[in-house]
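Asks: Have a peek at work_37.txt (compact mmCIF, C-alpha atoms).
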```
# COMPACT_ATOMS: atom_id res chain seq x y z
CA MET A 1 -33.29 49.08 -17.19
CA GLU A 2 -32.05 50.89 -14.09
CA LEU A 3 -29.44 48.22 -13.69
CA LEU A 4 -28.24 48.64 -17.26
CA LYS A 5 -27.40 52.26 -16.51
CA LEU A 6 -24.55 50.92 -14.39
CA LEU A 7 -22.90 49.56 -17.51
CA SER A 8 -20.58 51.41 -19.81
CA ALA A 9 -19.60 49.87 -23.15
CA SER A 10 -16.28 51.71 -23.28
CA GLU A 11 -15.44 50.59 -19.75
CA ILE A 12 -16.31 46.98 -20.58
CA PHE A 13 -14.14 47.10 -23.69
CA ALA A 14 -11.24 48.69 -21.79
CA GLN A 15 -11.54 46.11 -19.00
CA VAL A 16 -11.56 43.25 -21.52
CA VAL A 17 -8.43 44.64 -23.20
CA SER A 18 -6.79 45.20 -19.81
CA PHE A 19 -7.52 41.63 -18.74
CA LEU A 20 -6.33 40.18 -22.06
CA ILE A 21 -3.04 42.10 -21.82
CA LEU A 22 -2.58 40.91 -18.25
CA LEU A 23 -3.40 37.36 -19.31
CA PHE A 24 -0.87 37.54 -22.14
CA VAL A 25 1.86 38.89 -19.85
CA LEU A 26 1.19 36.45 -17.02
CA ARG A 27 0.90 33.49 -19.41
CA ILE A 28 4.44 34.14 -20.64
CA PHE A 29 6.17 35.41 -17.52
CA LEU A 30 4.33 33.59 -14.75
CA TRP A 31 2.43 30.50 -15.78
CA LYS A 32 4.71 29.12 -18.50
CA ARG A 33 7.88 29.91 -16.57
CA ILE A 34 6.77 28.70 -13.15
CA LEU A 35 4.92 25.66 -14.50
CA LYS A 36 8.05 24.73 -16.47
CA VAL A 37 10.14 25.09 -13.29
CA LEU A 38 7.63 22.92 -11.40
CA ASP A 39 7.50 20.34 -14.21
CA ASP A 40 11.30 20.21 -14.41
CA ARG A 41 11.48 19.82 -10.65
CA LYS A 42 8.83 17.07 -10.69
CA GLU A 43 10.69 15.33 -13.50
CA LYS A 44 13.99 15.66 -11.63
CA ILE A 45 12.47 14.28 -8.44
CA ALA A 46 10.83 11.46 -10.41
CA SER A 47 14.11 10.59 -12.13
CA GLU A 48 15.93 10.73 -8.77
CA PHE A 49 13.31 8.43 -7.28
CA LYS A 50 13.69 6.16 -10.29
CA GLY A 51 17.46 6.16 -9.75
CA ILE A 52 16.97 5.34 -6.08
CA GLU A 53 14.58 2.52 -7.00
CA GLU A 54 17.05 1.18 -9.56
CA GLY A 55 19.82 1.44 -6.97
CA LYS A 56 17.64 -0.44 -4.51
CA LEU A 57 16.97 -3.14 -7.08
CA GLU A 58 20.69 -3.36 -7.87
CA VAL A 59 21.51 -3.64 -4.16
CA GLU A 60 18.82 -6.33 -3.80
CA LYS A 61 20.30 -8.19 -6.77
CA LEU A 62 23.82 -7.90 -5.35
CA LYS A 63 22.54 -9.08 -1.98
CA SER A 64 20.80 -12.09 -3.49
CA ASP A 65 23.91 -12.86 -5.59
CA TYR A 66 26.08 -12.55 -2.50
CA GLU A 67 23.74 -14.76 -0.49
CA ALA A 68 23.69 -17.33 -3.31
CA LYS A 69 27.49 -17.25 -3.45
CA LEU A 70 27.70 -17.53 0.32
CA LYS A 71 25.33 -20.50 0.21
CA THR A 72 27.42 -22.09 -2.54
CA ILE A 73 30.58 -21.54 -0.48
CA GLU A 74 28.88 -22.98 2.61
CA ASP A 75 27.64 -25.97 0.61
CA THR A 76 31.10 -26.49 -0.88
CA ALA A 77 32.69 -26.22 2.57
CA LYS A 78 30.16 -28.65 4.00
CA ALA A 79 30.76 -31.06 1.13
CA LYS A 80 34.52 -30.79 1.60
CA ILE A 81 34.22 -31.34 5.35
CA GLN A 82 31.97 -34.34 4.71
CA GLU A 83 34.43 -35.63 2.13
CA ALA A 84 37.29 -35.21 4.62
CA ILE A 85 35.23 -36.98 7.29
CA ASN A 86 34.46 -39.79 4.88
CA GLU A 87 38.09 -40.01 3.85
CA GLY A 88 39.15 -40.01 7.51
CA GLU A 89 36.63 -42.72 8.32
CA GLU A 90 37.84 -44.70 5.33
CA ILE A 91 41.45 -44.33 6.46
CA LEU A 92 40.44 -45.24 10.01
CA GLY A 93 38.60 -48.31 8.76
CA LYS A 94 41.53 -49.31 6.64
CA MET A 95 43.95 -48.77 9.53
CA ARG A 96 41.67 -50.74 11.82
CA LYS A 97 41.46 -53.51 9.26
CA ASP A 98 45.26 -53.49 8.78
CA ALA A 99 45.77 -53.50 12.53
CA GLN A 100 43.34 -56.40 12.94
CA GLU A 101 45.05 -58.23 10.08
CA GLU A 102 48.44 -57.59 11.57
CA GLY A 103 47.20 -58.61 15.02
CA ARG A 104 45.74 -61.77 13.61
CA LYS A 105 48.97 -62.42 11.79
CA VAL A 106 50.98 -61.82 14.97
CA ILE A 107 48.65 -64.15 16.86
CA GLU A 108 48.94 -66.74 14.12
CA ASP A 109 52.73 -66.35 14.13
CA ALA A 110 52.74 -66.64 17.89
CA LYS A 111 50.55 -69.70 17.72
CA ALA A 112 52.80 -71.20 15.06
CA GLY A 113 55.82 -70.35 17.25
CA ILE A 114 54.15 -71.95 20.24
CA LYS A 115 53.31 -74.99 18.20
CA TYR A 116 56.83 -75.14 16.97
CA GLU A 117 58.19 -74.74 20.51
CA ILE A 118 55.85 -77.42 21.80
CA ALA A 119 56.88 -79.74 19.01
CA LYS A 120 60.50 -78.98 19.70
CA ALA A 121 59.98 -79.52 23.42
CA ARG A 122 58.31 -82.81 22.70
CA GLU A 123 61.19 -83.79 20.47
CA ASP A 124 63.61 -82.80 23.20
CA LEU A 125 61.58 -84.71 25.77
CA LYS A 126 61.48 -87.66 23.49
CA ASP A 127 65.21 -87.49 23.02
CA GLU A 128 65.71 -87.14 26.78
CA ILE A 129 63.33 -90.04 27.50
CA ILE A 130 65.19 -92.11 24.97
CA GLY A 131 68.46 -91.05 26.56
CA LEU A 132 67.13 -91.92 30.01
CA VAL A 133 65.79 -95.25 28.78
CA LEU A 134 69.11 -95.98 27.18
CA SER A 135 71.04 -94.98 30.30
CA ALA A 136 68.63 -97.01 32.43
CA ALA A 137 69.04 -99.94 30.13
CA GLU A 138 72.80 -99.48 30.37
CA GLU A 139 72.60 -99.46 34.11
CA VAL A 140 70.39 -102.53 34.10
CA LEU A 141 72.74 -104.33 31.83
CA GLN A 142 75.80 -103.31 33.85
CA GLN A 143 74.36 -104.41 37.26
CA LYS A 144 73.13 -107.86 38.29
CA ILE A 145 69.79 -107.09 39.25
CA THR A 146 67.68 -108.91 41.75
CA GLU A 147 64.01 -109.09 41.46
CA LYS A 148 63.73 -106.58 44.19
CA GLU A 149 66.31 -104.28 42.65
CA ASP A 150 64.72 -104.75 39.29
CA LYS A 151 61.48 -103.54 40.64
CA LYS A 152 63.22 -100.58 42.29
CA VAL A 153 64.96 -99.63 39.06
CA VAL A 154 61.66 -99.69 37.24
CA GLU A 155 60.03 -97.56 39.92
CA ASP A 156 62.95 -95.07 39.82
CA PHE A 157 62.63 -94.86 36.10
CA ILE A 158 58.94 -94.22 36.32
CA GLU A 159 59.55 -91.54 38.96
CA ARG A 160 62.14 -89.83 36.77
CA VAL A 161 59.84 -89.91 33.87
CA ASP A 162 57.14 -88.29 36.00
CA LYS A 163 59.58 -85.62 37.13
CA VAL A 164 60.66 -84.91 33.57
CA GLN A 165 57.03 -84.59 32.50
CA MET B 1 -24.13 60.68 11.68
CA ILE B 2 -25.29 57.36 10.30
CA GLU B 3 -27.47 59.10 7.74
CA LYS B 4 -24.47 61.18 6.73
CA SER B 5 -22.25 58.16 6.37
CA LEU B 6 -24.89 56.29 4.39
CA SER B 7 -24.98 59.10 1.87
CA HIS B 8 -21.51 57.94 0.65
CA THR B 9 -21.64 54.43 -0.77
CA GLU B 10 -17.87 54.31 -1.22
CA LEU B 11 -14.88 55.86 0.49
CA PRO B 12 -13.30 58.66 -1.52
CA ASN B 13 -10.30 57.66 -3.62
CA PHE B 14 -7.41 59.83 -4.76
CA ILE B 15 -9.09 60.58 -8.12
CA THR B 16 -12.34 61.80 -6.57
CA LEU B 17 -10.34 63.83 -4.04
CA LEU B 18 -8.31 65.45 -6.82
CA GLU B 19 -11.51 66.14 -8.75
CA GLU B 20 -13.02 67.80 -5.72
CA LYS B 21 -9.87 69.87 -5.24
CA PHE B 22 -9.67 70.86 -8.93
CA PRO B 23 -13.27 70.93 -10.16
CA ASN B 24 -12.45 72.82 -13.33
CA CYS B 25 -9.81 70.41 -14.56
CA ARG B 26 -11.33 68.56 -17.54
CA TRP B 27 -8.94 65.64 -17.73
CA LEU B 28 -9.47 64.98 -14.02
CA SER B 29 -13.22 64.73 -14.59
CA HIS B 30 -12.51 62.31 -17.47
CA LEU B 31 -10.24 60.34 -15.20
CA ALA B 32 -12.97 60.27 -12.55
CA TYR B 33 -15.44 58.99 -15.13
CA TYR B 34 -13.08 56.15 -16.03
CA GLU B 35 -11.74 55.62 -12.52
CA ASN B 36 -12.53 51.89 -12.57
CA ILE B 37 -10.35 51.47 -15.66
CA VAL B 38 -7.58 53.49 -14.02
CA PHE B 39 -7.67 51.39 -10.85
CA SER B 40 -7.82 48.09 -12.73
CA LEU B 41 -4.88 49.23 -14.89
CA ILE B 42 -2.95 50.16 -11.73
CA VAL B 43 -3.68 46.70 -10.32
CA ALA B 44 -2.67 45.01 -13.59
CA GLY B 45 0.53 47.08 -13.68
CA ILE B 46 1.41 46.19 -10.08
CA ILE B 47 0.79 42.48 -10.81
CA CYS B 48 2.98 42.62 -13.93
CA LEU B 49 5.80 44.43 -12.09
CA ALA B 50 5.62 42.00 -9.16
CA VAL B 51 5.72 39.01 -11.49
CA PHE B 52 8.64 40.48 -13.47
CA GLU B 53 10.55 41.15 -10.26
CA VAL B 54 9.85 37.78 -8.69
CA THR B 55 10.37 35.57 -11.74
CA ARG B 56 13.43 37.46 -13.01
CA LYS B 57 16.26 34.99 -13.40
CA LYS B 58 18.57 35.25 -10.45
CA ARG B 59 21.63 33.28 -9.54
CA GLY B 60 21.55 31.01 -6.54
CA SER B 61 18.58 29.69 -4.68
CA PRO B 62 15.09 31.19 -5.27
CA GLY B 63 13.83 33.91 -2.93
CA ARG B 64 10.91 33.67 -0.54
CA LEU B 65 8.54 35.45 -2.93
CA GLN B 66 9.46 33.13 -5.79
CA ILE B 67 8.93 30.11 -3.54
CA ALA B 68 5.54 31.54 -2.48
CA LEU B 69 4.64 32.12 -6.13
CA GLU B 70 5.72 28.58 -7.05
CA ILE B 71 3.58 27.20 -4.21
CA PHE B 72 0.61 29.28 -5.41
CA VAL B 73 1.04 28.26 -9.06
CA GLY B 74 1.49 24.61 -8.05
CA ALA B 75 -1.60 24.74 -5.84
CA VAL B 76 -3.72 26.29 -8.62
CA ASP B 77 -2.46 23.74 -11.14
CA ASP B 78 -3.07 20.82 -8.75
CA PHE B 79 -6.54 22.13 -7.86
CA LEU B 80 -7.54 22.51 -11.50
CA SER B 81 -5.99 19.15 -12.43
CA GLY B 82 -8.10 17.59 -9.68
CA ILE B 83 -11.27 18.99 -11.26
CA LEU B 84 -10.49 19.15 -14.98
CA GLY B 85 -8.11 16.21 -15.23
CA PRO B 86 -5.15 16.09 -17.61
CA LYS B 87 -6.55 18.88 -19.82
CA ALA B 88 -6.35 21.37 -16.93
CA ARG B 89 -2.93 22.66 -18.00
CA SER B 90 -4.37 24.54 -20.97
CA TYR B 91 -6.91 26.32 -18.76
CA THR B 92 -4.64 26.96 -15.75
CA PRO B 93 -3.21 30.31 -16.99
CA PHE B 94 -6.66 31.72 -17.76
CA ILE B 95 -8.31 30.70 -14.48
CA GLY B 96 -5.20 31.46 -12.42
CA THR B 97 -4.87 34.95 -13.94
CA LEU B 98 -8.55 35.58 -13.31
CA PHE B 99 -8.09 34.65 -9.65
CA ILE B 100 -5.02 36.87 -9.17
CA TYR B 101 -6.63 39.80 -11.00
CA ILE B 102 -10.00 39.62 -9.21
CA LEU B 103 -8.46 39.06 -5.78
CA SER B 104 -6.04 41.96 -6.27
CA MET B 105 -8.82 44.27 -7.42
CA ASN B 106 -11.05 43.17 -4.51
CA LEU B 107 -8.32 43.85 -1.95
CA PHE B 108 -7.15 47.06 -3.62
CA GLY B 109 -10.19 48.87 -2.22
CA LEU B 110 -8.91 48.30 1.32
CA ILE B 111 -5.86 50.50 0.67
CA PRO B 112 -6.67 54.09 1.66
CA PHE B 113 -7.55 56.37 -1.29
CA MET B 114 -7.82 53.40 -3.64
CA LYS B 115 -10.88 51.64 -5.03
CA SER B 116 -12.01 48.11 -5.86
CA ALA B 117 -12.61 48.11 -9.61
CA THR B 118 -14.69 44.98 -9.11
CA SER B 119 -17.35 47.05 -7.36
CA SER B 120 -18.26 48.21 -10.86
CA TRP B 121 -20.53 45.96 -12.86
CA SER B 122 -18.75 46.94 -16.09
CA THR B 123 -15.51 45.48 -14.77
CA THR B 124 -17.03 42.22 -13.57
CA LEU B 125 -19.16 41.88 -16.72
CA ALA B 126 -16.03 42.35 -18.83
CA LEU B 127 -14.36 39.50 -16.97
CA ALA B 128 -17.49 37.35 -17.17
CA LEU B 129 -17.70 38.01 -20.91
CA CYS B 130 -14.07 36.89 -21.26
CA VAL B 131 -15.06 33.69 -19.44
CA PHE B 132 -18.15 33.27 -21.63
CA VAL B 133 -16.19 33.71 -24.87
CA TYR B 134 -13.37 31.43 -23.76
CA VAL B 135 -15.81 28.73 -22.59
CA GLN B 136 -17.64 28.85 -25.95
CA TYR B 137 -14.30 28.78 -27.80
CA ALA B 138 -13.15 25.81 -25.71
CA ALA B 139 -16.48 24.06 -26.34
CA PHE B 140 -16.13 24.48 -30.10
CA LYS B 141 -12.49 23.45 -29.93
CA GLU B 142 -13.10 20.35 -27.79
CA LEU B 143 -16.50 19.22 -29.12
CA ARG B 144 -16.49 20.66 -32.66
CA PHE B 145 -19.72 22.18 -34.01
CA ARG B 146 -21.70 18.93 -34.07
CA GLY B 147 -20.63 17.92 -30.58
CA TYR B 148 -21.42 21.39 -29.29
CA ILE B 149 -24.97 21.26 -30.72
CA ASP B 150 -25.28 17.75 -29.25
CA HIS B 151 -24.18 19.14 -25.89
CA LEU B 152 -26.84 21.87 -26.12
CA LEU B 153 -29.56 19.35 -27.03
CA GLY B 154 -28.90 17.58 -23.73
CA ARG B 155 -29.98 14.15 -22.48
CA PRO B 156 -32.04 11.91 -22.43
CA ARG B 157 -33.02 11.18 -26.02
CA GLY B 158 -35.50 8.58 -27.19
CA PHE B 159 -38.71 8.03 -29.09
CA LEU B 160 -41.36 10.58 -30.10
CA ALA B 161 -41.43 13.45 -27.64
CA PHE B 162 -37.92 12.72 -26.42
CA SER B 163 -36.47 12.80 -29.92
CA VAL B 164 -37.78 16.29 -30.87
CA ILE B 165 -39.58 18.22 -28.17
CA PHE B 166 -37.35 17.49 -25.19
CA PRO B 167 -34.05 18.15 -27.02
CA LEU B 168 -35.46 21.40 -28.46
CA MET B 169 -36.54 22.54 -25.02
CA MET B 170 -33.15 21.59 -23.65
CA PHE B 171 -31.47 23.44 -26.52
CA PHE B 172 -33.23 26.72 -25.70
CA LEU B 173 -32.74 26.18 -21.98
CA HIS B 174 -29.04 25.54 -22.48
CA ILE B 175 -28.66 28.65 -24.64
CA LEU B 176 -30.51 30.68 -22.02
CA SER B 177 -28.35 29.28 -19.22
CA GLU B 178 -25.19 30.02 -21.24
CA LEU B 179 -26.34 33.62 -21.74
CA VAL B 180 -27.34 34.05 -18.12
CA ARG B 181 -23.98 32.80 -16.82
CA PRO B 182 -22.00 36.03 -17.47
CA ILE B 183 -24.75 38.10 -15.90
CA SER B 184 -25.00 35.94 -12.78
CA LEU B 185 -21.20 35.67 -12.48
CA SER B 186 -20.64 39.41 -12.85
CA LEU B 187 -23.55 40.53 -10.67
CA ARG B 188 -22.58 38.15 -7.85
CA LEU B 189 -19.02 39.47 -7.71
CA ARG B 190 -19.95 43.11 -8.23
CA SER B 191 -22.69 43.08 -5.60
CA ASN B 192 -20.57 41.40 -2.97
CA ILE B 193 -17.60 43.73 -3.44
CA TRP B 194 -19.83 46.78 -3.71
CA GLY B 195 -21.51 45.68 -0.47
CA ASP B 196 -18.12 45.24 1.20
CA ASP B 197 -17.03 48.70 0.08
CA MET B 198 -20.25 50.20 1.31
CA LEU B 199 -19.87 48.47 4.67
CA ILE B 200 -16.37 49.86 5.09
CA ALA B 201 -17.56 53.32 3.99
CA VAL B 202 -20.48 53.32 6.43
CA ILE B 203 -18.39 52.10 9.37
CA SER B 204 -15.63 54.59 8.54
CA GLY B 205 -18.22 57.36 8.71
CA LEU B 206 -19.05 56.41 12.31
CA GLY B 207 -15.81 57.96 13.60
CA LEU B 208 -13.09 56.82 16.00
CA LYS B 209 -15.50 54.88 18.23
CA ALA B 210 -16.09 52.46 15.41
CA VAL B 211 -12.40 51.56 14.87
CA PRO B 212 -12.68 48.04 16.43
CA LEU B 213 -15.76 47.40 14.29
CA LEU B 214 -13.89 48.74 11.27
CA LEU B 215 -10.97 46.38 11.92
CA PHE B 216 -13.37 43.45 12.29
CA SER B 217 -15.20 44.48 9.11
CA THR B 218 -11.90 44.78 7.28
CA LEU B 219 -11.10 41.20 8.26
CA LEU B 220 -14.52 40.11 7.00
CA VAL B 221 -14.00 42.05 3.77
CA ILE B 222 -10.62 40.35 3.24
CA ILE B 223 -12.25 36.94 3.71
CA ALA B 224 -15.17 37.88 1.45
CA SER B 225 -12.74 39.14 -1.23
CA ILE B 226 -10.85 35.84 -1.23
CA VAL B 227 -14.10 33.85 -1.23
CA GLN B 228 -15.62 35.87 -4.08
CA ALA B 229 -12.49 35.55 -6.24
CA GLY B 230 -12.54 31.81 -5.47
CA VAL B 231 -16.24 31.49 -6.31
CA PHE B 232 -15.79 33.30 -9.63
CA CYS B 233 -12.90 31.03 -10.62
CA LEU B 234 -14.59 27.88 -9.30
CA LEU B 235 -17.69 28.58 -11.39
CA THR B 236 -15.47 29.22 -14.41
CA THR B 237 -13.77 25.87 -13.77
CA ILE B 238 -17.18 24.18 -13.54
CA TYR B 239 -18.17 25.65 -16.92
CA PHE B 240 -15.02 24.12 -18.43
CA THR B 241 -15.67 20.84 -16.61
CA LEU B 242 -19.14 20.55 -18.17
CA ILE B 243 -17.59 20.74 -21.62
CA ILE B 244 -14.76 18.32 -20.90
CA GLU B 245 -17.10 15.84 -19.20
CA HIS B 246 -19.42 15.96 -22.23
CA GLU B 247 -16.48 15.38 -24.53
CA GLU B 248 -15.30 12.38 -22.48
CA SER B 249 -18.81 10.88 -22.26
```
Would you encode the structure as structure tokens?
Replies:
Amino acid sequence: MELLKLLSASEIFAQVVSFLILLFVLRIFLWKRILKVLDDRKEKIASEFKGIEEGKLEVEKLKSDYEAKLKTIEDTAKAKIQEAINEGEEILGKMRKDAQEEGRKVIEDAKAGIKYEIAKAREDLKDEIIGLVLSAAEEVLQQKITEKEDKKVVEDFIERVDKVQ
Amino acid sequence: MIEKSLSHTELPNFITLLEEKFPNCRWLSHLAYYENIVFSLIVAGIICLAVFEVTRKKRGSPGRLQIALEIFVGAVDDFLSGILGPKARSYTPFIGTLFIYILSMNLFGLIPFMKSATSSWSTTLALALCVFVYVQYAAFKELRFRGYIDHLLGRPRGFLAFSVIFPLMMFFLHILSELVRPISLSLRLRSNIWGDDMLIAVISGLGLKAVPLLLFSTLLVIIASIVQAGVFCLLTTIYFTLIIEHEES
């Protein structure tokens, strides 16, 4: 009961009204306004972060695209180089084959030439031997040959033939 | 000297001084009778003016006071969101205003010739009654009548005794605890601030020798004022949490 004497109904009512007025004023001019500012700021920061994230993703995408393109270019270049190498090797092989063919042909021609020359030389030799035989026969016929001379003529002839050969 | 200083439980304020100077003035004696209302209205007026001045739309970047206010509002909102969850926003203005008002009134008594209106039980009971009414309103709003009665009946429920006796006991206990809350809230705040004021008054009465002790006590009173405003608002938040938690469960 002693404690209740500390209370005053009019004071309590006035304090309640005072607090409610303060609450009304602060709700409008402090809490709503400042909380709106904070919310707007949070939203702005969040949207900026979102933009940054999107930018990052776009950069990542561009990077991956660029890397893919670079890889494609590298692959194409490699393929072209390989193609050129293959083509070069093909040309080289063909040239080598042609050269070998030509060489073989030259050798065959040379061999044919040699054969021809040998045949010609043989023909010439034959003709010369015939000529020599004929001239020897002429000489034999023109001279009266003794047995001894006859033998000598034959030996001379054989010697000449050896020389010619 | 100590006996003399103990005879004054509070330091004189400008209203009591004026009343002493003009004892025959009737309106001054009325003003002295309602001095707590006068001081709380002064505090409310100062808060309103400060808020108007700080939050007034200005061009350019915000000033230091506005930044400080934004930090304070953000901190209160974050703190309450941490306890009350996503529904905190609807209770932030009420609890935040309570904190500002109580803290300002607590600290107002440290200004020479002023008084802490919270050293009066009527003031603190008025605030506690506001809390009580708002908590009950929020409970009805969030839980509806049936949910509110269910909340008062408590848990656990079950067969026989648990289905009738225990819920009835819990019902009366809950009603009692709800009714006791404003009294405990208001008496805790009032007694602490009244004690702080008395401490300052007693130490002030000791003279110049007690100035270091007075400075130390003032520091303690500042801390106690912040703590008491915080405790009042924290308990209010807990009352709201109990309703929201019940609604969610």
Asks: What is the distance between CA of Gln66 (chain B) and CA of Val54 (chain B), in Å to one decimal?
Replies: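 Calculated distance between CA of Gln66 (chain B) and CA of Val54 (chain B) is 5.5 Å.
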Asks: Check which residues of chain B sit at most 6 Å from chain A using only C-alpha atoms, and return one row each with the closest pair of atoms and their distance in Å to one decimal, ordered by chain and rising number, as a Markdown table.
Replies:
```
| residue | atom | partner | partner_atom | distance |
| --- | --- | --- | --- | --- |
| B:Pro93 | CA | A:Arg27 | CA | 5.7 |
| B:Ser122 | CA | A:Leu7 | CA | 5.1 |
| B:Thr123 | CA | A:Gln15 | CA | 5.8 |
| B:Ala126 | CA | A:Ile12 | CA | 5.0 |
```
Asks: Could you tell me how far CA of Ile100 (chain B) sits from CA of Gly74 (chain B), in Å to one decimal place?
Replies: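 CA of Ile100 (chain B) lies 13.9 Å from CA of Gly74 (chain B).
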Asks: Please indicate the distance in Å from CA of Ser186 (chain B) to CA of Ala128 (chain B), rounded to one decimal place.
Replies: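 Between these atoms lies a distance of 5.7 Å.
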Asks: Go through B:Ala117, B:Ile222, B:Val164, B:Ala201 one by one, measure the shortest atom-to-atom distance of each to Val43 (chain B) using only C-alpha atoms, and give the residue with the smallest value.
Replies: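 Checking each of B:Ala117, B:Ile222, B:Val164, B:Ala201 against Val43 (chain B), counting only C-alpha atoms, the winner is B:Ala117.
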Asks: Of the candidates B:Ser61, B:Asn36, B:Thr92, B:Gln136, which shows the shortest atom-to-atom distance to Ser116 (chain B), using all atoms listed in the file?
Replies: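 The closest residue to Ser116 (chain B) is B:Asn36.
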Asks: The residues within 12 Å of (-14.7, 15.8, -26.8), using all atoms listed in the file and the coordinates of the file, should be reported as a PyMOL selection string; which are they?
Replies: chain B and resi 87+138-148+150-151+240-249
Asks: With distances taken over all atoms listed in the file, which of B:Phe166, B:Tyr134, B:Phe14, B:Phe232 is nearest to Ser184 (chain B)?
Replies: B:Phe232
Asks: Go through B:Phe171, B:Tyr137, B:Val231, B:Leu107 one by one, measure the shortest atom-to-atom distance of each to Leu219 (chain B) using all atoms listed in the file, and give the residue with the smallest value.
Replies: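 Going through B:Phe171, B:Tyr137, B:Val231, B:Leu107 one by one, the smallest distance to Leu219 (chain B) is for B:Leu107.
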Asks: Pick out the residues sitting within 12 Å of Gly230 (chain B), and hand them over as a PDB file with C-alpha atoms, in the coordinates of the input; count only C-alpha atoms, and ignore anything fewer than 5 positions along from it in its own chain.
Replies:
```pdb
ATOM      1  CA  VAL B  76      -3.720  26.290  -8.620  1.00  0.00           C
ATOM      2  CA  PHE B  79      -6.540  22.130  -7.860  1.00  0.00           C
ATOM      3  CA  ILE B  95      -8.310  30.700 -14.480  1.00  0.00           C
ATOM      4  CA  GLY B  96      -5.200  31.460 -12.420  1.00  0.00           C
ATOM      5  CA  THR B  97      -4.870  34.950 -13.940  1.00  0.00           C
ATOM      6  CA  LEU B  98      -8.550  35.580 -13.310  1.00  0.00           C
ATOM      7  CA  PHE B  99      -8.090  34.650  -9.650  1.00  0.00           C
ATOM      8  CA  ILE B 100      -5.020  36.870  -9.170  1.00  0.00           C
ATOM      9  CA  TYR B 101      -6.630  39.800 -11.000  1.00  0.00           C
ATOM     10  CA  ILE B 102     -10.000  39.620  -9.210  1.00  0.00           C
ATOM     11  CA  LEU B 103      -8.460  39.060  -5.780  1.00  0.00           C
ATOM     12  CA  ASN B 106     -11.050  43.170  -4.510  1.00  0.00           C
ATOM     13  CA  LEU B 185     -21.200  35.670 -12.480  1.00  0.00           C
ATOM     14  CA  LEU B 189     -19.020  39.470  -7.710  1.00  0.00           C
ATOM     15  CA  ILE B 223     -12.250  36.940   3.710  1.00  0.00           C
ATOM     16  CA  ALA B 224     -15.170  37.880   1.450  1.00  0.00           C
ATOM     17  CA  SER B 225     -12.740  39.140  -1.230  1.00  0.00           C
ATOM     18  CA  LEU B 235     -17.690  28.580 -11.390  1.00  0.00           C
ATOM     19  CA  THR B 236     -15.470  29.220 -14.410  1.00  0.00           C
ATOM     20  CA  THR B 237     -13.770  25.870 -13.770  1.00  0.00           C
TER      21      THR B 237
END
```
Asks: Can you tell me which residues surround region 121-131 of chain A at a distance of at most 12 Å, considering all atoms listed in the file, apart from same-chain residues fewer than 5 positions away, and format the answer as a list of chain:residue names?
Replies: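 With the cut-off at 12 Å, the set is A:Gly113, A:Ile114, A:Lys115, A:Tyr116, A:Ala136, A:Ala137, A:Glu138, A:Phe157, A:Ile158, A:Arg160, A:Val161, A:Asp162, A:Lys163, A:Val164, A:Gln165.
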